[in-house]
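*Asks:* Below is work_20.txt; it holds compact mmCIF, C-alpha atoms.
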```txt
# COMPACT_ATOMS: atom_id res chain seq x y z
CA MET A 988 -3.90 -1.09 -6.65
CA PRO A 989 -0.55 -1.27 -4.86
CA GLU A 990 -1.24 -1.81 -1.16
CA LEU A 991 0.96 -1.33 1.90
CA PRO A 992 3.15 -4.44 1.38
CA GLU A 993 3.75 -3.49 -2.25
CA VAL A 994 4.76 0.05 -1.26
CA GLU A 995 7.03 -1.24 1.51
CA THR A 996 8.58 -3.72 -0.92
CA THR A 997 9.18 -0.84 -3.32
CA ARG A 998 10.84 1.25 -0.58
CA ARG A 999 13.18 -1.56 0.35
CA GLY A 1000 13.95 -2.33 -3.28
CA ILE A 1001 14.86 1.17 -4.43
CA ALA A 1002 16.58 2.42 -1.26
CA PRO A 1003 20.07 0.96 -1.93
CA TYR A 1004 20.15 2.63 -5.35
CA VAL A 1005 19.02 6.14 -4.37
CA GLU A 1006 19.95 6.89 -0.76
CA GLY A 1007 23.00 9.14 -0.53
CA ARG A 1008 23.52 9.27 -4.31
CA GLU A 1009 23.83 12.62 -6.06
CA ILE A 1010 20.98 13.45 -8.42
CA VAL A 1011 22.40 14.54 -11.77
CA GLU A 1012 19.29 14.84 -13.95
CA VAL A 1013 15.50 14.88 -13.68
CA ILE A 1014 13.28 14.16 -16.68
CA VAL A 1015 9.54 14.87 -16.50
CA ARG A 1016 7.71 13.59 -19.57
CA HIS A 1017 4.18 14.23 -18.31
CA ARG A 1018 3.34 16.76 -15.60
CA SER A 1019 -0.41 16.07 -15.58
CA LEU A 1020 -0.64 13.37 -12.92
CA ARG A 1021 -3.37 13.35 -10.25
CA VAL A 1022 -1.48 16.25 -8.70
CA PRO A 1023 0.54 18.23 -11.27
CA VAL A 1024 4.27 17.58 -10.96
CA PRO A 1025 5.79 20.60 -9.14
CA SER A 1026 7.30 23.14 -11.51
CA ASP A 1027 10.47 23.33 -9.42
CA LEU A 1028 11.03 19.57 -9.18
CA GLU A 1029 13.99 19.54 -11.55
CA SER A 1030 15.78 22.55 -10.07
CA ALA A 1031 15.19 21.40 -6.48
CA LEU A 1032 16.45 17.86 -7.02
CA ILE A 1033 19.49 18.26 -9.26
CA GLY A 1034 22.65 18.36 -7.19
CA GLY A 1035 20.91 17.05 -4.08
CA GLN A 1036 20.63 13.58 -2.61
CA PHE A 1037 17.98 11.64 -0.76
CA GLY A 1038 18.44 10.59 2.84
CA GLU A 1039 16.86 7.48 4.33
CA LEU A 1040 13.60 6.64 2.56
CA ALA A 1041 10.50 6.20 4.71
CA ARG A 1042 6.91 5.10 4.27
CA ARG A 1043 3.67 6.35 5.84
CA ALA A 1044 0.67 4.23 4.92
CA LYS A 1045 0.94 3.95 1.13
CA TYR A 1046 3.00 7.12 0.73
CA LEU A 1047 6.75 7.06 0.13
CA LEU A 1048 8.80 9.86 1.70
CA LEU A 1049 12.10 10.77 0.06
CA PRO A 1050 13.92 13.38 2.22
CA LEU A 1051 16.30 16.00 0.90
CA ALA A 1052 18.38 18.34 3.05
CA ASP A 1053 15.68 21.03 3.25
CA ARG A 1054 12.40 19.35 2.18
CA THR A 1055 10.79 16.00 1.54
CA LEU A 1056 9.34 14.52 -1.61
CA LEU A 1057 6.02 12.69 -1.22
CA TRP A 1058 5.32 9.94 -3.75
CA HIS A 1059 2.07 7.99 -4.14
CA LEU A 1060 1.69 5.15 -6.63
CA GLY A 1061 -2.04 5.60 -7.18
CA MET A 1062 -3.92 2.66 -8.67
CA SER A 1063 -1.47 1.45 -11.29
CA GLY A 1064 1.86 3.14 -10.58
CA SER A 1065 5.26 1.66 -9.83
CA LEU A 1066 8.73 2.97 -9.04
CA ARG A 1067 11.49 0.88 -10.52
CA ILE A 1068 15.23 1.05 -10.92
CA ALA A 1069 16.41 1.41 -14.52
CA ARG A 1070 19.82 2.23 -15.97
CA VAL A 1071 20.99 5.04 -18.20
CA GLY A 1072 20.36 3.86 -21.75
CA ASP A 1073 17.20 1.88 -20.91
CA PRO A 1074 14.53 3.34 -23.24
CA PRO A 1075 11.43 4.68 -21.48
CA LYS A 1076 8.09 3.00 -22.04
CA LYS A 1077 4.86 4.73 -23.01
CA HIS A 1078 3.72 5.43 -19.45
CA ASP A 1079 7.10 6.24 -17.87
CA HIS A 1080 6.41 9.78 -16.67
CA VAL A 1081 9.30 10.78 -14.40
CA ASP A 1082 13.00 9.81 -14.27
CA VAL A 1083 15.36 10.77 -11.45
CA VAL A 1084 18.91 10.01 -12.61
CA PHE A 1085 21.74 9.41 -10.12
CA GLU A 1086 25.48 9.39 -10.29
CA GLY A 1087 26.62 5.98 -11.38
CA GLY A 1088 23.79 5.61 -13.91
CA ALA A 1089 20.86 4.37 -11.83
CA ILE A 1090 17.44 5.82 -12.69
CA LEU A 1091 14.43 5.97 -10.39
CA ARG A 1092 11.66 5.63 -12.98
CA TYR A 1093 7.96 6.25 -12.31
CA HIS A 1094 5.52 4.26 -14.45
CA ASP A 1095 1.77 4.92 -14.20
CA PRO A 1096 -0.64 4.01 -17.04
CA ARG A 1097 -3.68 5.59 -15.32
CA ARG A 1098 -1.87 8.63 -13.87
CA PHE A 1099 -3.69 8.40 -10.54
CA GLY A 1100 -0.46 8.62 -8.58
CA PHE A 1101 1.56 11.75 -7.90
CA VAL A 1102 4.86 13.20 -6.79
CA ASP A 1103 4.67 16.37 -4.69
CA TRP A 1104 6.40 18.19 -1.87
CA LEU A 1105 5.46 17.31 1.70
CA ARG A 1106 3.61 20.27 3.18
CA GLY A 1107 5.46 20.94 6.40
CA SER A 1108 5.84 17.80 8.54
CA VAL A 1109 4.14 14.41 8.42
CA ASP A 1110 1.94 15.55 11.30
CA LEU A 1111 0.87 18.74 9.52
CA ASP A 1112 0.37 17.65 5.92
CA THR A 1113 -3.38 17.15 5.54
CA ARG A 1114 -2.83 14.08 3.36
CA LEU A 1115 -1.10 12.31 6.25
CA SER A 1116 -2.15 13.98 9.49
CA ARG A 1117 -5.49 12.16 9.93
CA LEU A 1118 -4.18 8.69 9.15
CA GLY A 1119 -4.46 5.95 11.75
CA PRO A 1120 -1.52 3.98 13.15
CA GLU A 1121 0.71 1.68 11.15
CA PRO A 1122 -0.64 -1.88 11.43
CA LEU A 1123 2.75 -3.37 12.35
CA SER A 1124 3.38 -0.82 15.11
CA SER A 1125 2.69 -1.15 18.83
CA ASP A 1126 0.06 1.60 18.48
CA PHE A 1127 -2.25 -0.85 16.72
CA ASP A 1128 -3.94 -3.64 18.65
CA GLY A 1129 -7.28 -5.24 19.43
CA GLN A 1130 -8.03 -2.70 22.13
CA ARG A 1131 -7.97 0.09 19.56
CA LEU A 1132 -10.26 -1.82 17.21
CA TYR A 1133 -12.69 -2.61 20.00
CA ARG A 1134 -12.78 0.99 21.30
CA LEU A 1135 -13.35 2.58 17.88
CA SER A 1136 -15.92 0.00 16.80
CA ARG A 1137 -18.46 0.52 19.58
CA GLY A 1138 -21.80 1.51 18.09
CA ARG A 1139 -20.59 0.99 14.53
CA ARG A 1140 -23.07 -0.77 12.24
CA ALA A 1141 -20.72 -0.98 9.26
CA SER A 1142 -19.33 -4.41 8.45
CA VAL A 1143 -16.13 -5.36 10.23
CA LYS A 1144 -14.37 -5.65 6.88
CA THR A 1145 -15.29 -2.08 5.91
CA PHE A 1146 -14.28 -0.93 9.40
CA ILE A 1147 -10.72 -2.30 9.26
CA MET A 1148 -10.23 -0.85 5.77
CA ASP A 1149 -10.85 2.68 7.12
CA ASN A 1150 -7.49 4.51 7.11
CA ILE A 1151 -8.51 6.47 10.19
CA VAL A 1152 -8.82 3.21 12.12
CA VAL A 1153 -5.58 1.69 10.78
CA VAL A 1154 -3.65 2.34 7.59
CA GLY A 1155 -2.79 -0.07 4.84
CA VAL A 1156 -5.36 -2.85 5.32
CA GLY A 1157 -6.62 -2.98 1.76
CA ASN A 1158 -9.09 -5.39 0.23
CA ILE A 1159 -6.75 -8.34 -0.24
CA TYR A 1160 -5.28 -8.26 3.23
CA ALA A 1161 -8.55 -7.48 5.01
CA THR A 1162 -10.12 -10.53 3.34
CA GLU A 1163 -7.21 -12.76 4.32
CA ALA A 1164 -6.96 -11.48 7.90
CA LEU A 1165 -10.67 -11.99 8.55
CA PHE A 1166 -10.37 -15.57 7.33
CA MET A 1167 -7.34 -16.16 9.55
CA ALA A 1168 -9.21 -14.72 12.55
CA GLY A 1169 -12.36 -16.73 11.77
CA ILE A 1170 -14.63 -13.66 11.57
CA ASP A 1171 -17.50 -13.28 9.10
CA PRO A 1172 -16.69 -10.11 7.07
CA ARG A 1173 -20.39 -9.16 7.09
CA ARG A 1174 -20.62 -8.96 10.89
CA ALA A 1175 -21.25 -5.44 12.24
CA ALA A 1176 -18.05 -4.02 13.71
CA GLY A 1177 -19.89 -3.02 16.86
CA ARG A 1178 -20.86 -6.66 17.46
CA VAL A 1179 -17.31 -8.03 17.48
CA SER A 1180 -15.94 -8.82 20.94
CA LEU A 1181 -12.65 -7.61 22.38
CA GLU A 1182 -11.29 -11.15 22.30
CA ARG A 1183 -12.08 -11.53 18.60
CA PHE A 1184 -10.66 -8.09 17.79
CA ALA A 1185 -7.44 -9.08 19.55
CA ARG A 1186 -7.29 -12.13 17.29
CA LEU A 1187 -8.05 -9.99 14.23
CA ALA A 1188 -5.34 -7.44 15.03
CA GLU A 1189 -2.78 -10.24 15.30
CA ALA A 1190 -4.04 -11.74 12.03
CA ILE A 1191 -3.63 -8.37 10.27
CA LYS A 1192 -0.06 -8.13 11.52
CA THR A 1193 0.70 -11.70 10.47
CA VAL A 1194 -0.79 -11.37 6.98
CA LEU A 1195 0.90 -8.04 6.24
CA ALA A 1196 4.27 -9.15 7.59
CA ALA A 1197 4.13 -12.30 5.46
CA ALA A 1198 3.20 -10.30 2.37
CA ILE A 1199 6.08 -7.87 2.92
CA THR A 1200 8.53 -10.74 3.40
CA GLN A 1201 7.37 -12.35 0.16
CA GLY A 1202 7.31 -9.16 -1.87
CA GLY A 1203 3.63 -8.23 -2.03
CA THR A 1204 1.05 -9.86 -4.28
CA THR A 1205 0.95 -10.73 -7.95
CA LEU A 1206 -2.25 -8.69 -8.37
CA ARG A 1207 -2.24 -7.07 -11.82
CA ASP A 1208 1.39 -6.52 -12.83
CA PHE A 1209 2.95 -5.47 -9.55
CA VAL A 1210 6.73 -5.74 -9.45
CA SER A 1211 9.17 -4.55 -6.84
CA GLY A 1212 11.54 -1.64 -7.27
CA THR A 1213 14.08 -3.96 -8.83
CA GLY A 1214 11.59 -5.50 -11.25
CA GLU A 1215 10.90 -8.72 -9.36
CA PRO A 1216 7.29 -9.98 -9.29
CA GLY A 1217 5.43 -10.41 -6.02
CA TYR A 1218 4.78 -13.92 -4.73
CA PHE A 1219 2.26 -13.59 -1.89
CA ALA A 1220 -0.67 -14.45 -4.17
CA GLN A 1221 0.52 -18.06 -4.14
CA ARG A 1222 -0.43 -18.23 -0.44
CA LEU A 1223 -3.84 -16.51 -0.54
CA ASN A 1224 -6.48 -18.57 1.26
CA VAL A 1225 -9.66 -16.83 0.16
CA TYR A 1226 -9.08 -13.68 -1.93
CA GLY A 1227 -9.74 -14.41 -5.60
CA ARG A 1228 -10.83 -18.01 -4.85
CA ALA A 1229 -14.64 -17.67 -4.97
CA GLY A 1230 -16.25 -20.99 -5.86
CA GLU A 1231 -13.18 -22.98 -4.88
CA PRO A 1232 -13.07 -25.22 -1.79
CA CYS A 1233 -11.97 -23.76 1.53
CA ARG A 1234 -8.46 -24.96 2.33
CA HIS A 1235 -9.56 -25.71 5.91
CA CYS A 1236 -13.01 -27.33 5.68
CA GLY A 1237 -13.61 -27.94 1.97
CA LEU A 1238 -16.82 -25.87 1.72
CA GLU A 1239 -17.20 -23.81 -1.45
CA LEU A 1240 -16.06 -20.25 -0.77
CA ARG A 1241 -18.74 -17.58 -1.21
CA HIS A 1242 -18.47 -14.28 -3.08
CA ILE A 1243 -20.29 -11.12 -1.97
CA VAL A 1244 -19.77 -7.36 -2.30
CA LEU A 1245 -19.14 -5.20 0.77
CA GLY A 1246 -18.50 -1.49 0.44
CA GLN A 1247 -18.29 -1.94 -3.34
CA ARG A 1248 -15.37 -4.35 -2.91
CA ALA A 1249 -15.32 -8.04 -3.81
CA THR A 1250 -15.29 -10.23 -0.71
CA VAL A 1251 -14.73 -13.96 -0.43
CA TYR A 1252 -15.30 -15.94 2.76
CA CYS A 1253 -16.07 -19.37 4.20
CA ALA A 1254 -19.51 -19.72 5.80
CA ILE A 1255 -18.27 -22.45 8.15
CA CYS A 1256 -14.82 -21.18 9.20
CA GLN A 1257 -15.92 -17.54 9.56
CA THR A 1258 -18.76 -16.73 11.96
```
How does the structure come out when it is put into structure tokens?
*Replies:*
Amino acid sequence: MPELPEVETTRRGIAPYVEGREIVEVIVRHRSLRVPVPSDLESALIGGQFGELARRAKYLLLPLADRTLLWHLGMSGSLRIARVGDPPKKHDHVDVVFEGGAILRYHDPRRFGFVDWLRGSVDLDTRLSRLGPEPLSSDFDGQRLYRLSRGRRASVKTFIMDNIVVVGVGNIYATEALFMAGIDPRRAAGRVSLERFARLAEAIKTVLAAAITQGGTTLRDFVSGTGEPGYFAQRLNVYGRAGEPCRHCGLELRHIVLGQRATVYCAICQT
């Protein structure tokens, strides 16, 4: 599933090709995505142009003069830049064609993503209004984690993956951040100290910033908006390395399941 760094990499990759460019054609090959493609998508887009693209959690926001398009990549989706004349593939569902020949092409084999209109503002749309702060913003820190965790019996890993607590900390990055902070992912969130949460918040910021800089992960077939593969997987310390030696102490990394998600950790380095 594309996570926050993959979505941010996509935003940065497609922005130079679509911002301020007139939309000359819209092709919808399949309207039956997780949310049906709006019936007025073609008529509303043609002749318009997108302003500065934004991201909220794992949602992309593409603003027009009078409304905003909300795009979610789902579990297997990607937005890539193609050119006029590039033949569509089997699961290429939506094309937005711009002056000059660039195409914003949405590919989604499982059709769990969607493109829809933002309902009012970011603060009012029910899909966005209850989301927690962005992890790289000043609104997110160890104090917030400590305050919200009091009395919580859920594992600390499950806790930081809750989008109400903080957005965008998916399975890969939660696993890596907990290793960096030296915290056992099984530990109850309510039993983590303020000092350790401060360390964890900084680890989350560090891991996500590094992943964005390097273009996301190579999980499944993720590629950026320009078709480049992600490279962060080459630096993963624990995720996907069950049974291999810990890079710090050499102990064999353990695999467990928390909240129905695969979790790998080091029993010595994480306590």
*Asks:* Which residue gives the smallest distance to Arg1043 of chain A among A:Arg1173, A:Arg1222, A:Arg1131, A:Arg998, with all atoms listed in the file counted?
*Replies:*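 Distance minimum relative to Arg1043 of chain A lands on A:Arg998.
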*Asks:* Skip segment 1119-1126 of chain A itself and residues of its chain fewer than 2 positions away, then list as an NGL selection string all residues within 12 Å of it, counting all atoms listed in the file.
*Replies:* :A and (991-992 or 995 or 1042-1046 or 1110 or 1114-1117 or 1128-1132 or 1135 or 1147-1157 or 1160-1161 or 1187-1197 or 1199)
*Asks:* Measure the distance from atom CA of Glu1029 of chain A to atom CA of Arg999 of chain A in Å and round it to one decimal.
*Replies:*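 That distance, rounded to one decimal, is 24.2 Å.
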*Asks:* Could you pull the residues within 12 Å of Asp1073 of chain A, counting only C-alpha atoms, minus those fewer than 4 positions along the same chain, as a list of chain:residue names?
*Replies:*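 Contacts, with the query itself left out: A:Arg1067, A:Ile1068, A:Ala1069, A:Asp1079, A:Asp1082, A:Val1084, A:Gly1088, A:Ala1089, A:Ile1090, A:Leu1091, A:Arg1092.
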*Asks:* Quick one: residues within 10 Å of Arg1139 of chain A, all atoms listed in the file, excluding same-chain residues fewer than 6 positions away - as number ranges by chain?
*Replies:* A: 1146, 1175-1178
*Asks:* Take atom CA of Val1024 of chain A and atom CA of Phe1099 of chain A and report the distance between them in Å, one decimal.
*Replies:*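 Atom-to-atom, atom CA of Val1024 of chain A and atom CA of Phe1099 of chain A are spaced 12.2 Å apart.
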*Asks:* Hey, what's within 12 Å of segment 1001-1005 of chain A if we count all atoms listed in the file and toss same-chain stuff fewer than 5 positions away? As a ChimeraX atom specification, please?
*Replies:* /A:994-996,1010-1011,1035-1042,1047-1051,1065-1070,1083-1093,1210-1215
*Asks:* Can you measure atom CA of His1094 of chain A to atom CA of Thr1200 of chain A for me? One decimal in Å is fine.
*Replies:*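 Spanning atom CA of His1094 of chain A to atom CA of Thr1200 of chain A is a straight-line distance of 23.5 Å.
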*Asks:* Fewer than 5 positions away in the same chain doesn't count, so skip those; otherwise give me all residues within 8 Å of Ser1063 of chain A, counting all atoms listed in the file, as number ranges by chain.
*Replies:* A: 988-989, 1095-1100
